[in-house]
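In what follows, a single structure is set out as structure tokens and then discussed.
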Amino acid sequence: LEPLLADYDALCEEQPAGKLPAEVEEIGFMLEELRVQYFAQKLGTRVSVSPKRIRMAIAKLS
């Protein structure tokens, strides 16, 4: 999880000042869902998420 968070932080820093674009915010949501998937499986997630999907989304915007 830590490498994904570091990549997301780097992506956020690349963005212009102000509100993050919706695509970047969506990656943040995906990271939150991944945390739920890892640490609170009983809650379930609204979307299917994996480290691979998050990496692909970050790569698409980088």
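Identifiers for the structure tokens are assigned positionally: chains receive A, B, ... in sequence, residues are indexed from 1 per chain, and ligands are indexed from 1 in the order shown.
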Which of chain A DSSP labels helix (DSSP H, G or I), written as a ChimeraX atom specification: /A:2-14,22-39,41-43,51-61
Contacts of Asp9 in chain A within 12 Å, only C-alpha atoms, excl. fewer than 6 positions in-chain, as a list of chain:residue names: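 Within the cut-off, the hits are A:Glu2, A:Pro3, A:Gln15, A:Leu20, A:Val24, A:Glu25, A:Ile27, A:Gly28, A:Leu31, A:Ile58, A:Ser62.
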Just C-alpha atoms for this one: save the residues we selected as a short mmCIF file (atom, residue, chain, number, x, y, z; two decimals), in the first residue's frame.
```
data_model
loop_
_atom_site.label_atom_id
_atom_site.label_comp_id
_atom_site.auth_asym_id
_atom_site.auth_seq_id
_atom_site.Cartn_x
_atom_site.Cartn_y
_atom_site.Cartn_z
CA GLU A 2 2.84 2.41 0.82
CA PRO A 3 4.32 2.48 -2.71
CA GLN A 15 -1.25 18.98 -10.32
CA LEU A 20 -7.67 18.21 -7.81
CA VAL A 24 -7.05 12.24 -9.47
CA GLU A 25 -9.73 12.32 -6.78
CA ILE A 27 -7.64 7.42 -7.57
CA GLY A 28 -7.77 8.67 -3.98
CA LEU A 31 -6.96 3.87 -2.47
CA ILE A 58 -1.82 6.64 -11.96
CA SER A 62 1.37 10.76 -15.16
#
```
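Put simply, CA of Gly18 in chain A is 20.0 Å away from CA of Leu5 in chain A.
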Coordinates-based distance that separates CA of Tyr8 in chain A from CA of Glu26 in chain A (Å, one decimal): 10.9 Å
Å distance separating CA of Val36 in chain A from CA of Pro51 in chain A, one decimal place: 12.9 Å
Contacts of Lys60 in chain A at 12 Å (only C-alpha atoms; same-chain gap of 3+ positions) as a list of chain:residue names: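 What passes the distance filter is A:Leu11, A:Glu23, A:Val24, A:Ile27, A:Arg53, A:Ile54, A:Arg55, A:Met56, A:Ala57.
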